[in-house]
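File shown: protein-v3.txt (compact mmCIF, C-alpha atoms).
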# COMPACT_ATOMS: atom_id res chain seq x y z
CA MET A 109 96.46 80.21 70.88
CA SER A 110 95.80 82.78 68.15
CA GLU A 111 92.03 82.82 67.69
CA LYS A 112 90.67 86.35 67.87
CA ARG A 113 87.81 86.84 70.31
CA SER A 114 85.05 89.34 70.93
CA LEU A 115 84.90 91.10 74.29
CA ASN A 116 81.30 92.21 73.94
CA GLY A 117 79.33 90.92 76.92
CA GLN A 118 82.36 89.27 78.51
CA VAL A 119 82.47 89.49 82.31
CA VAL A 120 85.79 90.93 83.50
CA ALA A 121 86.94 91.15 87.14
CA ILE A 122 89.95 93.36 87.90
CA THR A 123 91.94 93.60 91.12
CA GLY A 124 93.61 96.90 92.00
CA GLY A 125 91.11 98.56 89.68
CA ALA A 126 90.57 101.94 91.33
CA LYS A 127 93.55 103.87 89.97
CA GLY A 128 96.46 103.80 87.56
CA ILE A 129 96.80 100.75 85.32
CA GLY A 130 93.76 99.02 86.83
CA ARG A 131 91.50 101.98 86.13
CA GLU A 132 92.67 102.17 82.52
CA ILE A 133 92.16 98.43 82.07
CA ALA A 134 88.59 98.84 83.30
CA ALA A 135 88.04 101.74 80.90
CA GLU A 136 89.42 99.83 77.91
CA PHE A 137 87.34 96.72 78.56
CA THR A 138 84.21 98.80 79.14
CA ALA A 139 84.77 100.58 75.83
CA ALA A 140 85.07 97.16 74.17
CA GLY A 141 81.63 96.18 75.43
CA ALA A 142 82.64 94.02 78.39
CA LYS A 143 80.81 93.94 81.72
CA VAL A 144 83.42 95.04 84.25
CA ALA A 145 83.81 94.83 88.02
CA ILE A 146 86.74 96.34 89.90
CA GLY A 147 88.04 95.47 93.34
CA ASP A 148 90.39 97.62 95.38
CA ILE A 149 91.44 98.01 98.99
CA ASP A 150 90.50 101.69 98.66
CA LEU A 151 86.73 101.38 98.32
CA ASP A 152 86.13 105.14 98.07
CA ALA A 153 88.49 105.40 95.09
CA ALA A 154 86.96 102.28 93.53
CA GLN A 155 83.46 103.71 93.85
CA GLU A 156 84.58 107.01 92.32
CA THR A 157 86.11 105.17 89.35
CA ALA A 158 83.03 102.97 89.04
CA ALA A 159 80.78 106.02 88.86
CA GLN A 160 82.95 107.53 86.13
CA LEU A 161 83.21 104.39 84.01
CA GLY A 162 79.87 102.73 84.64
CA VAL A 163 81.33 99.60 86.24
CA SER A 164 80.72 97.94 89.59
CA ALA A 165 83.02 98.46 92.57
CA HIS A 166 83.91 96.28 95.53
CA ARG A 167 86.34 96.51 98.43
CA LEU A 168 89.03 93.92 97.96
CA ASP A 169 92.15 92.92 99.88
CA VAL A 170 93.97 90.46 97.62
CA SER A 171 96.11 89.24 100.51
CA ASP A 172 92.95 87.77 102.11
CA PRO A 173 91.75 84.60 100.31
CA GLU A 174 88.28 84.85 101.84
CA CYS A 175 87.93 88.44 100.64
CA LEU A 176 88.95 87.42 97.12
CA ASN A 177 86.49 84.55 97.05
CA ALA A 178 83.74 86.87 98.27
CA PHE A 179 84.63 89.43 95.57
CA LEU A 180 84.41 86.89 92.78
CA THR A 181 81.19 85.43 94.17
CA GLU A 182 79.62 88.90 94.26
CA VAL A 183 80.78 89.67 90.71
CA ALA A 184 79.42 86.39 89.35
CA HIS A 185 76.08 86.97 91.11
CA GLU A 186 75.84 90.52 89.77
CA LEU A 187 77.23 90.16 86.23
CA GLY A 188 77.37 86.44 85.48
CA PRO A 189 80.18 83.87 85.32
CA ILE A 190 83.60 85.49 85.06
CA ASP A 191 85.22 85.13 81.65
CA ILE A 192 88.40 87.13 82.32
CA PHE A 193 90.10 87.60 85.66
CA ILE A 194 92.83 90.25 85.81
CA GLY A 195 95.25 90.35 88.72
CA ASN A 196 96.65 93.87 88.80
CA ALA A 197 97.10 94.89 92.45
CA GLY A 198 100.70 95.61 93.39
CA LEU A 199 103.08 97.45 95.72
CA MET A 200 106.73 98.47 95.42
CA TRP A 201 109.33 99.69 97.90
CA VAL A 202 112.49 101.20 96.39
CA GLY A 203 115.93 101.49 97.97
CA PRO A 204 118.97 99.47 99.14
CA PHE A 205 117.91 95.92 100.05
CA ALA A 206 119.58 96.12 103.47
CA GLU A 207 117.55 99.22 104.37
CA GLU A 208 114.16 97.85 103.36
CA PRO A 209 111.82 97.68 106.37
CA ASP A 210 110.57 94.19 107.15
CA SER A 211 107.03 95.53 106.88
CA ALA A 212 107.68 96.65 103.30
CA ALA A 213 109.03 93.25 102.28
CA ARG A 214 106.09 91.50 103.90
CA ALA A 215 103.55 93.81 102.26
CA GLN A 216 105.01 93.23 98.79
CA ILE A 217 105.03 89.46 99.21
CA GLU A 218 101.47 89.43 100.55
CA VAL A 219 100.06 91.62 97.75
CA ASN A 220 102.28 91.00 94.73
CA LEU A 221 102.83 87.26 95.08
CA LEU A 222 100.28 85.81 97.49
CA GLY A 223 97.67 88.16 96.03
CA VAL A 224 98.20 86.59 92.60
CA ILE A 225 98.15 83.08 94.04
CA ASN A 226 94.96 83.82 95.96
CA GLY A 227 93.34 85.28 92.86
CA ILE A 228 94.21 82.38 90.57
CA LYS A 229 93.02 79.84 93.13
CA ALA A 230 89.75 81.73 93.54
CA ALA A 231 89.04 82.32 89.83
CA ALA A 232 90.37 79.24 88.04
CA PRO A 233 88.14 76.42 89.35
CA ALA A 234 84.91 77.93 87.98
CA MET A 235 86.61 78.54 84.64
CA VAL A 236 87.85 74.96 84.47
CA ALA A 237 84.34 73.71 85.28
CA ARG A 238 82.95 75.78 82.38
CA GLY A 239 85.75 74.72 80.04
CA ARG A 240 86.84 78.28 79.24
CA GLY A 241 88.28 81.44 80.75
CA HIS A 242 91.30 83.71 80.75
CA LEU A 243 93.60 84.48 83.66
CA ILE A 244 95.63 87.64 83.03
CA THR A 245 98.21 88.91 85.49
CA VAL A 246 99.94 92.28 85.29
CA ALA A 247 103.42 91.42 86.50
CA SER A 248 106.51 93.46 85.57
CA ALA A 249 109.56 93.49 83.35
CA GLY A 250 111.20 93.01 86.76
CA SER A 251 110.04 89.38 86.39
CA ILE A 252 112.87 88.80 83.91
CA LEU A 253 115.37 91.59 84.60
CA PRO A 254 117.92 92.35 87.35
CA THR A 255 116.57 95.51 89.00
CA PRO A 256 118.88 97.19 91.56
CA GLY A 257 116.89 99.03 94.18
CA GLU A 258 113.83 96.81 93.80
CA ALA A 259 115.06 93.50 95.20
CA THR A 260 111.93 92.29 97.00
CA TYR A 261 109.63 93.68 94.33
CA ALA A 262 111.62 91.79 91.69
CA ALA A 263 111.54 88.65 93.81
CA THR A 264 107.75 88.78 93.96
CA LYS A 265 107.48 89.34 90.21
CA HIS A 266 109.92 86.54 89.42
CA GLY A 267 107.76 84.41 91.71
CA VAL A 268 104.61 85.41 89.84
CA LEU A 269 106.11 84.39 86.51
CA GLY A 270 107.27 81.05 87.93
CA TYR A 271 103.85 80.43 89.45
CA LEU A 272 102.06 81.22 86.20
CA LYS A 273 104.36 78.92 84.22
CA ALA A 274 103.35 76.06 86.50
CA ILE A 275 99.67 77.01 86.42
CA ARG A 276 99.70 77.19 82.65
CA ALA A 277 101.13 73.67 82.50
CA GLU A 278 98.49 72.38 84.91
CA LEU A 279 95.65 74.03 82.98
CA ARG A 280 96.74 72.87 79.55
CA GLY A 281 93.79 71.24 77.80
CA THR A 282 91.16 72.72 80.13
CA GLY A 283 90.20 75.65 77.90
CA VAL A 284 91.55 78.14 80.44
CA VAL A 285 94.25 80.46 79.07
CA VAL A 286 97.01 82.12 81.11
CA THR A 287 98.73 85.41 80.26
CA THR A 288 101.33 87.51 82.04
CA ILE A 289 101.85 91.15 81.07
CA MET A 290 105.31 92.48 81.93
CA PRO A 291 105.57 96.25 81.52
CA GLY A 292 108.58 98.43 82.11
CA VAL A 293 108.28 101.52 84.31
CA VAL A 294 104.78 103.01 84.21
CA ASP A 295 103.77 106.54 85.18
CA THR A 296 101.84 105.66 88.35
CA ALA A 297 102.18 106.28 92.09
CA LEU A 298 103.95 102.91 92.39
CA ALA A 299 106.81 104.17 90.21
CA ALA A 300 106.98 107.77 91.47
CA GLY A 301 110.54 109.09 91.60
CA THR A 302 112.03 106.17 89.65
CA SER A 303 113.74 106.04 86.27
CA SER A 304 112.56 104.18 83.16
CA GLY A 305 116.10 103.46 81.97
CA ALA A 306 116.61 102.69 78.27
CA ALA A 307 112.87 102.30 77.66
CA LYS A 308 110.42 105.19 77.61
CA LEU A 309 108.16 105.87 80.56
CA LEU A 310 104.90 104.06 79.83
CA THR A 311 101.42 105.42 80.44
CA PRO A 312 98.80 103.31 82.22
CA ALA A 313 96.71 103.43 79.04
CA GLU A 314 99.51 101.82 77.02
CA VAL A 315 99.66 98.90 79.43
CA ALA A 316 95.87 98.63 79.48
CA ARG A 317 95.75 98.40 75.70
CA SER A 318 98.25 95.53 75.85
CA VAL A 319 96.02 93.75 78.35
CA VAL A 320 92.97 94.12 76.11
CA LYS A 321 94.97 93.02 73.09
CA SER A 322 96.05 89.91 74.98
CA ALA A 323 92.40 89.14 75.74
CA LEU A 324 91.59 89.34 72.03
CA ARG A 325 94.63 87.31 70.93
CA PRO A 326 95.95 85.38 73.92
CA ARG A 327 99.66 84.79 74.43
CA PHE A 328 101.46 83.68 77.57
CA GLU A 329 104.31 86.19 78.00
CA ILE A 330 103.95 89.79 76.82
CA THR A 331 106.47 92.51 77.58
CA VAL A 332 105.68 96.21 77.18
CA PRO A 333 107.43 97.60 75.22
CA GLY A 334 107.73 94.48 73.11
CA PHE A 335 111.49 94.63 72.54
CA ILE A 336 112.24 93.81 76.19
CA GLY A 337 111.35 90.13 75.90
CA PRO A 338 113.51 89.32 72.86
CA ALA A 339 116.38 91.48 74.18
CA VAL A 340 116.43 89.56 77.46
CA LYS A 341 116.38 86.20 75.69
CA VAL A 342 119.36 87.18 73.55
CA ALA A 343 121.27 88.67 76.49
CA ASN A 344 120.78 85.53 78.56
CA LEU A 345 122.67 83.53 75.91
CA LEU A 346 125.80 85.65 76.39
CA PRO A 347 128.65 85.32 78.92
CA LEU A 348 127.86 86.83 82.30
CA ALA A 349 130.27 89.77 81.99
CA ILE A 350 128.74 90.85 78.68
CA ARG A 351 125.25 90.25 80.00
CA ASP A 352 125.99 92.47 83.00
CA ARG A 353 127.05 95.30 80.71
CA ILE A 354 123.93 94.98 78.57
CA PHE A 355 121.59 94.92 81.53
CA GLY A 356 123.53 97.75 83.12
CA ALA A 357 122.77 99.87 80.08
CA MET A 358 119.14 98.73 79.75
CA VAL A 359 117.90 98.54 83.31
CA PRO A 360 117.55 101.64 85.49
CA ASN A 361 119.38 101.67 88.82
CA GLN A 362 116.56 102.54 91.20
CA LEU A 363 119.02 103.08 94.05
CA LEU A 364 119.10 106.56 92.54
CA ALA A 365 115.35 106.99 92.89
CA ARG A 366 114.06 110.27 94.29
CA LYS A 367 112.83 108.96 97.62
CA ASN A 368 111.26 112.27 98.58
CA GLN A 369 108.68 111.61 95.87
CA ARG A 370 107.86 108.17 97.31
CA GLN A 371 107.55 108.80 101.04
CA ASP A 372 103.77 109.10 101.27
CA TYR A 373 103.17 106.19 98.89
CA GLU A 374 105.53 103.80 100.70
CA ALA A 375 104.28 104.87 104.13
CA SER A 376 100.73 104.01 103.04
CA PHE A 377 101.47 100.27 102.95
CA THR A 378 104.39 99.82 105.36
CA ALA A 379 102.71 101.43 108.36
CA SER A 380 99.73 99.06 108.24
CA ARG A 381 101.94 95.96 108.43
CA ARG A 382 104.36 96.82 111.23
Reformat the file's structure so that it appears as structure tokens.
Amino acid sequence: MSEKRSLNGQVVAITGGAKGIGREIAAEFTAAGAKVAIGDIDLDAAQETAAQLGVSAHRLDVSDPECLNAFLTEVAHELGPIDIFIGNAGLMWVGPFAEEPDSAARAQIEVNLLGVINGIKAAAPAMVARGRGHLITVASAGSILPTPGEATYAATKHGVLGYLKAIRAELRGTGVVVTTIMPGVVDTALAAGTSSGAAKLLTPAEVARSVVKSALRPRFEITVPGFIGPAVKVANLLPLAIRDRIFGAMVPNQLLARKNQRQDYEASFTASRR
């Protein structure tokens, strides 16, 4: 679908919108004239961002389907029917798979994968009923790459891509468009202490601009930077030994991550799910 759209007056709901990529997405859509609402589990941070950007803020736990439904109901009541729903909330634990706490694995699955599923199920029906809408999910280049040191995170992102492929097929002909954004390593708290490998370290604003661009000219799979997608497709055609060497050169080994820079961030979501 290549038709260019206007974002002026469009109602946009964003999960994980208080900080990092989510905050920049909210800023970009607001600058484009959209009416924006952000949801985040950290309500204080969401309200601070909302005051700075002139958007509305709501507490949101994407792992709770009832909370997500309530968020979207509130947004629709306040701003009107939702035109664009952006699933952005995410968590990442980094380290050897055998040392990952069970609570960290559970948290990533609940937020990264079930959070996306909950969001799509909450947002899509109203869009289908109206015959239009756009479901955008910020996934990860880890959806298509082997990422040592991020096993469960990668599993959730592979799951997100698989889920969205199926959803896209189910929604074909309804007027509802599906997009997945797959960035490399982004300079946020989620990626603190990790390496960006062969690609440059992205800024949240760069990812946000890709999200807005996808809303103007929808496509299904978008990698940031753009070369990642074609490179992976070519590599996957090669024998496994050659493919391993290519990915070994491209993809950072996060087993070497500086864990001392991640302790507070990882503790913030593992402790609550013990």
With 10 Å as the cut-off and all atoms listed in the file counted, what is the closest atom pair between each nearby residue of range 319-373 of chain A and range 226-244 of chain A? Distances in Å to one decimal, ordered by chain and number, as CSV.
residue,atom,partner,partner_atom,distance
A:Val319,CA,A:Ile244,CA,7.7
A:Val320,CA,A:Ile244,CA,9.8
A:Ser322,CA,A:Ile244,CA,8.4
A:Ala323,CA,A:His242,CA,7.5
A:Pro326,CA,A:His242,CA,8.4
A:Arg327,CA,A:Ile244,CA,9.9
A:Phe328,CA,A:Ile244,CA,8.9
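Between CA of Cys175 in chain A and CA of Gly283 in chain A the separation is 26.2 Å.
If you count all atoms listed in the file and ignore residues fewer than 4 places along the chain from range 267-279 of chain A, what sits within 9 Å of it is A:Asn220, A:Leu221, A:Leu222, A:Val224, A:Ile225, A:Ile228, A:Ala232, A:Val236, A:Thr245, A:Ala247, A:Ser251, A:Ile252, A:Ala262, A:Ala263, A:Gly283, A:Val284, A:Val285, A:Val286, A:Thr287, A:Thr288, A:Phe328, A:Glu329.
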Just to be explicit: take each residue in the selection above, keep C-alpha atoms, and write the result as a PDB file, keeping the file's coordinate frame.
ATOM      1  CA  ASN A 220     102.280  91.000  94.730  1.00  0.00           C
ATOM      2  CA  LEU A 221     102.830  87.260  95.080  1.00  0.00           C
ATOM      3  CA  LEU A 222     100.280  85.810  97.490  1.00  0.00           C
ATOM      4  CA  VAL A 224      98.200  86.590  92.600  1.00  0.00           C
ATOM      5  CA  ILE A 225      98.150  83.080  94.040  1.00  0.00           C
ATOM      6  CA  ILE A 228      94.210  82.380  90.570  1.00  0.00           C
ATOM      7  CA  ALA A 232      90.370  79.240  88.040  1.00  0.00           C
ATOM      8  CA  VAL A 236      87.850  74.960  84.470  1.00  0.00           C
ATOM      9  CA  THR A 245      98.210  88.910  85.490  1.00  0.00           C
ATOM     10  CA  ALA A 247     103.420  91.420  86.500  1.00  0.00           C
ATOM     11  CA  SER A 251     110.040  89.380  86.390  1.00  0.00           C
ATOM     12  CA  ILE A 252     112.870  88.800  83.910  1.00  0.00           C
ATOM     13  CA  ALA A 262     111.620  91.790  91.690  1.00  0.00           C
ATOM     14  CA  ALA A 263     111.540  88.650  93.810  1.00  0.00           C
ATOM     15  CA  GLY A 283      90.200  75.650  77.900  1.00  0.00           C
ATOM     16  CA  VAL A 284      91.550  78.140  80.440  1.00  0.00           C
ATOM     17  CA  VAL A 285      94.250  80.460  79.070  1.00  0.00           C
ATOM     18  CA  VAL A 286      97.010  82.120  81.110  1.00  0.00           C
ATOM     19  CA  THR A 287      98.730  85.410  80.260  1.00  0.00           C
ATOM     20  CA  THR A 288     101.330  87.510  82.040  1.00  0.00           C
ATOM     21  CA  PHE A 328     101.460  83.680  77.570  1.00  0.00           C
ATOM     22  CA  GLU A 329     104.310  86.190  78.000  1.00  0.00           C
TER      23      GLU A 329
END
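With all atoms listed in the file as the atoms that count, the residue of A:Gly124, A:Gly250, A:Pro189, A:Pro338 with the shortest distance to Leu168 in chain A is A:Gly124.
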I need every residue sitting at most 12 Å from the point (91.4, 103.7, 96.1) (coordinates as in the file, only C-alpha atoms considered), written as a ChimeraX atom specification. /A:123-128,130-131,146-158,165-169,197,297,376
Select, from A:Met358, A:Leu324, A:Thr378, A:Ala184, the residue with the minimum atom-to-atom distance to Glu218 in chain A, counting only C-alpha atoms. A:Thr378
Between A:Leu253, A:Val163, A:Arg280, A:Tyr261, which is the closest to Val340 in chain A once you count only C-alpha atoms? A:Leu253
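Nearest to Ile354 in chain A of all the residues A:Ile330, A:Ala339, A:Ala259, A:Ala145 is A:Ala339, counting only C-alpha atoms.
Here CA of Thr302 in chain A is placed at a distance of 6.0 Å from CA of Gln362 in chain A.
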As an MDAnalysis selection string, please: the residues near Gln371 in chain A (cut-off 10 Å, all atoms listed in the file, same-chain neighbours under 3 positions excluded). chainID A and resid 201 300:301 366:368 374:376
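CA of Val219 in chain A is positioned 14.2 Å from CA of Glu174 in chain A.
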